[in-house]
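So this one's query.txt, compact mmCIF, C-alpha atoms:
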```
# COMPACT_ATOMS: atom_id res chain seq x y z
CA MET N 1 106.63 27.78 10.80
CA GLY N 2 107.45 28.23 14.49
CA ARG N 3 106.50 25.69 17.15
CA LEU N 4 103.91 28.04 18.68
CA GLU N 5 102.23 28.65 15.32
CA LEU N 6 102.24 24.93 14.57
CA MET N 7 100.55 24.20 17.91
CA LYS N 8 97.90 26.85 17.21
CA ASN N 9 97.13 25.30 13.80
CA LEU N 10 96.89 21.82 15.29
CA ASN N 11 94.61 23.12 18.03
CA LYS N 12 92.41 24.84 15.45
CA GLN N 13 92.14 21.63 13.41
CA PHE N 14 91.26 19.76 16.61
CA PHE N 15 88.26 22.01 17.20
CA ILE N 16 87.24 21.97 13.53
CA HIS N 17 87.19 18.17 13.77
CA ARG N 18 84.74 18.39 16.68
CA GLN N 19 82.60 21.01 14.96
CA THR N 20 82.36 18.88 11.84
CA LEU N 21 80.99 16.00 13.88
CA GLY N 22 78.39 18.34 15.34
CA VAL N 23 77.30 19.61 11.94
CA LEU N 24 77.07 16.09 10.50
CA GLY N 25 74.83 14.98 13.36
CA ILE N 26 72.44 17.91 12.97
CA VAL N 27 72.32 17.82 9.17
CA LEU N 28 71.69 14.08 8.71
CA PRO N 29 68.02 13.77 9.80
CA PHE N 30 66.84 16.82 7.87
CA ALA N 31 68.80 15.95 4.73
CA CYS N 32 67.29 12.45 4.76
CA LEU N 33 63.81 13.89 5.21
CA LEU N 34 64.25 16.39 2.38
CA PHE N 35 65.64 13.98 -0.20
CA GLY N 36 63.22 11.24 0.81
CA TRP N 37 60.35 13.65 0.26
CA LEU N 38 61.74 14.51 -3.20
CA ASP N 39 61.66 10.86 -4.29
CA PRO N 40 58.52 10.32 -6.43
CA ALA N 41 58.95 6.55 -6.25
CA ALA N 42 59.23 6.33 -2.46
CA THR N 43 56.84 3.98 -0.68
CA SER N 44 54.27 5.31 1.77
CA THR N 45 56.42 4.15 4.72
CA TRP N 46 59.67 5.89 3.72
CA TYR N 47 59.44 8.40 6.59
CA GLY N 48 58.76 5.76 9.24
CA SER N 49 62.34 6.14 10.44
CA MET N 50 65.55 7.73 9.32
CA SER N 51 66.87 4.30 8.40
CA ALA N 52 63.89 3.75 6.11
CA THR N 53 65.00 6.70 3.97
CA TYR N 54 67.80 4.36 2.81
CA PHE N 55 65.27 3.07 0.28
CA THR N 56 64.66 6.50 -1.26
CA ASN N 57 66.67 9.21 -3.00
CA ALA N 58 68.19 9.94 0.43
CA ARG N 59 70.23 6.72 0.40
CA ASP N 60 73.45 8.37 -0.78
CA ILE N 61 73.11 11.12 1.84
CA PHE N 62 72.30 8.60 4.58
CA VAL N 63 75.26 6.37 3.77
CA ALA N 64 77.72 9.20 3.05
CA VAL N 65 77.03 11.15 6.25
CA LEU N 66 77.15 8.04 8.43
CA MET N 67 80.42 6.92 6.84
CA MET N 68 81.89 10.40 7.26
CA THR N 69 80.75 10.44 10.89
CA GLY N 70 82.36 7.05 11.36
CA VAL N 71 85.66 8.24 9.89
CA PHE N 72 85.68 11.41 12.00
CA LEU N 73 84.93 9.47 15.19
CA ILE N 74 87.58 6.84 14.49
CA THR N 75 90.23 9.47 13.71
CA TYR N 76 89.33 11.71 16.67
CA THR N 77 92.42 12.00 18.86
CA GLY N 78 90.78 12.54 22.24
CA TYR N 79 92.63 12.88 25.54
CA ASP N 80 93.27 9.29 26.63
CA TRP N 81 92.52 5.64 25.86
CA ARG N 82 88.92 5.97 27.07
CA ASP N 83 88.23 8.70 24.51
CA LYS N 84 89.79 6.60 21.78
CA LEU N 85 87.96 3.41 22.75
CA VAL N 86 84.52 5.04 22.93
CA ASN N 87 84.92 7.08 19.75
CA ILE N 88 86.49 4.33 17.65
CA SER N 89 83.72 1.95 18.72
CA ALA N 90 81.04 4.54 17.93
CA GLY N 91 82.66 5.23 14.56
CA ILE N 92 82.63 1.57 13.59
CA LEU N 93 79.00 1.29 14.66
CA ALA N 94 78.04 4.39 12.63
CA MET N 95 79.48 2.67 9.56
CA GLY N 96 77.64 -0.50 10.51
CA ILE N 97 74.31 1.36 10.52
CA ALA N 98 74.97 2.39 6.91
CA LEU N 99 76.38 -0.94 5.72
CA PHE N 100 73.60 -3.08 7.22
CA PRO N 101 70.27 -1.49 6.19
CA THR N 102 67.04 -1.94 8.10
CA SER N 103 64.24 -4.15 6.85
CA PRO N 104 62.46 -2.47 3.91
CA LYS N 105 58.68 -2.16 3.89
CA GLY N 106 56.72 -2.33 0.68
CA LEU N 107 59.68 -3.57 -1.37
CA GLU N 108 59.95 -7.10 -2.74
CA VAL N 109 63.58 -7.93 -2.03
CA THR N 110 65.22 -10.74 -0.08
CA HIS N 111 68.79 -9.45 0.29
CA ILE N 112 69.97 -5.90 1.02
CA GLY N 113 73.04 -3.82 1.68
CA LEU N 114 76.62 -3.78 0.45
CA PHE N 115 77.12 -7.40 1.50
CA SER N 116 73.75 -8.52 0.10
CA LEU N 117 72.77 -10.13 3.38
CA PRO N 118 69.36 -11.74 3.99
CA ILE N 119 66.94 -9.10 5.24
CA PRO N 120 66.52 -10.56 8.79
CA VAL N 121 70.30 -10.69 9.29
CA ALA N 122 70.96 -7.19 7.93
CA SER N 123 68.08 -5.73 9.93
CA MET N 124 69.27 -7.38 13.15
CA LEU N 125 72.83 -6.06 12.67
CA HIS N 126 71.43 -2.62 11.82
CA ASN N 127 69.38 -2.47 15.01
CA ILE N 128 72.27 -3.66 17.19
CA CYS N 129 74.62 -1.09 15.66
CA ALA N 130 72.07 1.72 16.11
CA ILE N 131 71.25 0.89 19.75
CA VAL N 132 74.87 0.56 20.84
CA PHE N 133 75.89 3.62 18.76
CA PHE N 134 73.40 5.92 20.47
CA GLY N 135 74.27 4.38 23.83
CA LEU N 136 77.95 5.20 23.29
CA LEU N 137 77.05 8.75 22.24
CA ALA N 138 75.22 9.26 25.53
CA LEU N 139 78.07 7.66 27.49
CA ASN N 140 80.64 9.86 25.75
CA ILE N 141 78.74 13.08 26.43
CA LEU N 142 77.78 12.29 30.04
CA TRP N 143 81.01 10.66 31.17
CA LEU N 144 83.87 12.02 29.07
CA PHE N 145 82.69 15.46 27.97
CA THR N 146 81.99 16.49 31.55
CA LYS N 147 85.49 15.66 32.82
CA GLY N 148 87.84 18.50 33.64
CA ASP N 149 88.22 21.36 36.09
CA THR N 150 84.71 22.42 37.13
CA SER N 151 86.00 25.40 39.12
CA ASN N 152 85.78 27.26 35.81
CA HIS N 153 82.36 28.92 35.43
CA LYS N 154 82.30 28.38 31.66
CA LYS N 155 83.14 24.70 32.12
CA ARG N 156 80.20 24.30 34.50
CA GLU N 157 77.92 25.95 31.91
CA ARG N 158 79.19 23.60 29.21
CA ASN N 159 78.65 20.64 31.51
CA LYS N 160 75.01 21.65 31.97
CA ILE N 161 74.56 21.50 28.18
CA TYR N 162 76.33 18.13 28.05
CA MET N 163 74.06 16.76 30.76
CA ILE N 164 70.96 17.97 28.91
CA CYS N 165 72.19 16.43 25.65
CA GLY N 166 73.36 13.16 27.22
CA TRP N 167 70.28 12.57 29.34
CA GLY N 168 68.13 13.71 26.43
CA ILE N 169 69.53 10.84 24.37
CA VAL N 170 68.90 8.43 27.25
CA GLY N 171 65.35 9.77 27.51
CA MET N 172 64.78 9.06 23.84
CA PHE N 173 65.59 5.38 24.53
CA ALA N 174 62.68 5.38 26.97
CA VAL N 175 60.41 7.05 24.40
CA THR N 176 61.42 4.40 21.87
CA ALA N 177 60.53 1.59 24.28
CA ILE N 178 57.14 3.20 24.97
CA GLY N 179 56.52 3.72 21.25
CA VAL N 180 57.30 0.11 20.43
CA TYR N 181 55.08 -1.13 23.26
CA PHE N 182 52.09 1.00 22.22
CA ASN N 183 52.83 0.61 18.50
CA PHE N 184 52.96 4.31 17.67
CA HIS N 185 52.49 5.15 14.02
CA VAL N 186 53.43 7.88 11.54
CA MET N 187 57.03 9.13 11.88
CA TRP N 188 57.67 8.95 15.62
CA ILE N 189 60.86 6.89 15.20
CA TRP N 190 62.28 9.48 12.79
CA ILE N 191 61.49 12.21 15.33
CA VAL N 192 63.22 10.30 18.14
CA GLU N 193 66.28 9.63 15.98
CA ALA N 194 66.38 13.26 14.83
CA ILE N 195 66.28 14.54 18.42
CA MET N 196 69.09 12.18 19.42
CA LEU N 197 71.28 13.27 16.51
CA VAL N 198 70.61 16.97 17.12
CA LEU N 199 71.55 16.52 20.80
CA PHE N 200 74.71 14.71 19.69
CA GLY N 201 75.45 17.54 17.28
CA VAL N 202 74.90 20.31 19.83
CA ALA N 203 77.20 18.59 22.34
CA TRP N 204 80.00 18.30 19.79
CA LEU N 205 79.55 21.90 18.66
CA VAL N 206 79.91 23.04 22.27
CA LYS N 207 82.93 20.75 22.66
CA GLY N 208 84.37 22.24 19.47
CA LYS N 209 84.04 25.81 20.82
CA ALA N 210 81.55 26.75 18.10
CA ILE N 211 79.40 28.65 20.63
CA LYS N 212 81.51 31.61 21.76
CA LEU N 213 79.40 32.46 24.81
CA LEU N 214 80.37 29.12 26.36
CA ASN N 215 84.07 29.30 25.60
CA ASP N 216 86.76 30.10 28.14
CA ILE N 217 88.04 33.64 27.91
```

Exercise: express the given structure as structure tokens:
Amino acid sequence: MGRLELMKNLNKQFFIHRQTLGVLGIVLPFACLLFGWLDPAATSTWYGSMSATYFTNARDIFVAVLMMTGVFLITYTGYDWRDKLVNISAGILAMGIALFPTSPKGLEVTHIGLFSLPIPVASMLHNICAIVFFGLLALNILWLFTKGDTSNHKKRERNKIYMICGWGIVGMFAVTAIGVYFNFHVMWIWIVEAIMLVLFGVAWLVKGKAIKLLNDI
């Protein structure tokens, strides 16, 4: 295999890596919703948030996709130390979300998760991981994805999408704060989380050149 062909294959794998992250982000919320809905033994609060689907048939999907996302983020090469730092940190936090479940509602248990931690401890770690994880996703998209030569028309178009996705995630933090303050009910947290993950997924798909109209010629 010649050097040029080897470089093309490596470049292709680089973009496939990015596209996979995008697909994982978009698939997760809807897969959790589907398999949670299929669980006949699920409690009436299972759809309160994506994390709550951990206590339904969706647990394996929830954990597997988050762990895969974590692995892909940690192994993402990036361009410099900032890319590596942000993505490795986000990858570890994605795994933390899966390993430290949220507090279950309607279930009589005192310890949860792989490490069988007391519910208050596991839930606190889960919330910290989730908040910082989404914060890093927004930072990555707004700060790192938008770097580069903006004299290119296609690059400016991609940056517009990144800004929409990044600020959309930030906006969802505000919606979460409002929802907690006014004690919204039903599945508003799941909707917020789903929007954030879809925005994350779209940004990575664009970064992975999955949308041809936005790619450089």

Measure the distance from CA of Ile195 (chain N) to CA of Leu144 (chain N) in Å and round it to one decimal.
-> 20.7 Å

Exercise: Ala130 (chain N) partners within 10 Å, only C-alpha atoms, chain neighbours under 3 positions left out, as a ChimeraX atom specification = /N:51,90,93-98,124-127,133-136,193

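Here CA of Gly148 (chain N) is placed at a distance of 12.2 Å from CA of Lys207 (chain N).
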
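Across the structure, CA of Asn215 (chain N) and CA of Ala203 (chain N) are spaced 13.1 Å apart.
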
For each of N:Leu99, N:Asp83, N:Thr75, N:Lys209, take the minimum atom-to-atom distance to Lys147 (chain N), counting all atoms listed in the file, then give the residue where this is smallest.
-> N:Asp83

Which centre and which edge lengths, in Å to one decimal, describe the axis-aligned box that holds all listed atoms of region 190-195 of chain N after 8 Å is added on each side, as JSON?
```
{"center_x": 63.9, "center_y": 12.0, "center_z": 15.6, "size_x": 20.9, "size_y": 21.1, "size_z": 21.6}
```

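Minimum atom-to-atom distances from N:Leu214, N:Met196, N:Ile16, N:Val23 to Tyr76 (chain N) were compared using all atoms listed in the file, and the lowest value belongs to N:Ile16.
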
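The residue that comes closest to Gly201 (chain N), out of N:Ala174, N:Leu213, N:Leu34, N:Ile141 and on the basis of all atoms listed in the file, is N:Ile141.
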
For a cut-off of 12 Å around (64.4, 5.2, 26.2), file coordinates, pick out all residues using all atoms listed in the file and list them as a PyMOL selection string.
-> chain N and resi 131+134-135+138+167-181+189+192-193+196

Writer output for current selection, C-alpha atoms, as a short mmCIF file (atom, residue, chain, number, x, y, z; two decimals), keeping the file's coordinate frame:
```cif
data_model
loop_
_atom_site.label_atom_id
_atom_site.label_comp_id
_atom_site.auth_asym_id
_atom_site.auth_seq_id
_atom_site.Cartn_x
_atom_site.Cartn_y
_atom_site.Cartn_z
CA ILE N 131 71.25 0.89 19.75
CA PHE N 134 73.40 5.92 20.47
CA GLY N 135 74.27 4.38 23.83
CA ALA N 138 75.22 9.26 25.53
CA TRP N 167 70.28 12.57 29.34
CA GLY N 168 68.13 13.71 26.43
CA ILE N 169 69.53 10.84 24.37
CA VAL N 170 68.90 8.43 27.25
CA GLY N 171 65.35 9.77 27.51
CA MET N 172 64.78 9.06 23.84
CA PHE N 173 65.59 5.38 24.53
CA ALA N 174 62.68 5.38 26.97
CA VAL N 175 60.41 7.05 24.40
CA THR N 176 61.42 4.40 21.87
CA ALA N 177 60.53 1.59 24.28
CA ILE N 178 57.14 3.20 24.97
CA GLY N 179 56.52 3.72 21.25
CA VAL N 180 57.30 0.11 20.43
CA TYR N 181 55.08 -1.13 23.26
CA ILE N 189 60.86 6.89 15.20
CA VAL N 192 63.22 10.30 18.14
CA GLU N 193 66.28 9.63 15.98
CA MET N 196 69.09 12.18 19.42
#
```

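In this comparison, which uses only C-alpha atoms, the residue of N:Gly36, N:Gly208, N:Gly78, N:Pro118 approaching His17 (chain N) most closely is N:Gly208.
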
Residues within 12 Å of Asp149 (chain N), only C-alpha atoms, excluding chain neighbours under 4 positions, as an MDAnalysis selection string = chainID N and resid 145 153:156 158:159 216

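The smallest atom-to-atom distance between Cys32 (chain N) and any of N:Trp204, N:Trp190, N:Tyr162, N:Trp81, using only C-alpha atoms, is found for N:Trp190.
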
Can you list, as a PDB file with C-alpha atoms, in the coordinates of the input, every protein, DNA or RNA residue that comes within 6 Å of region 64-70 of chain N when you count all atoms listed in the file, leaving out same-chain residues fewer than 2 positions away?
```pdb
ATOM      1  CA  ASP N  60      73.450   8.370  -0.780  1.00  0.00           C
ATOM      2  CA  ILE N  61      73.110  11.120   1.840  1.00  0.00           C
ATOM      3  CA  PHE N  62      72.300   8.600   4.580  1.00  0.00           C
ATOM      4  CA  PHE N  72      85.680  11.410  12.000  1.00  0.00           C
ATOM      5  CA  LEU N  73      84.930   9.470  15.190  1.00  0.00           C
ATOM      6  CA  GLY N  91      82.660   5.230  14.560  1.00  0.00           C
ATOM      7  CA  ILE N  92      82.630   1.570  13.590  1.00  0.00           C
ATOM      8  CA  ALA N  94      78.040   4.390  12.630  1.00  0.00           C
ATOM      9  CA  MET N  95      79.480   2.670   9.560  1.00  0.00           C
TER      10      MET N  95
END
```

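The list of residues with at least one atom within 8 Å of Ala194 (chain N), based on only C-alpha atoms and without residues fewer than 6 positions apart in the same chain, reads N:Ile26, N:Pro29, N:Phe30, N:Met50.
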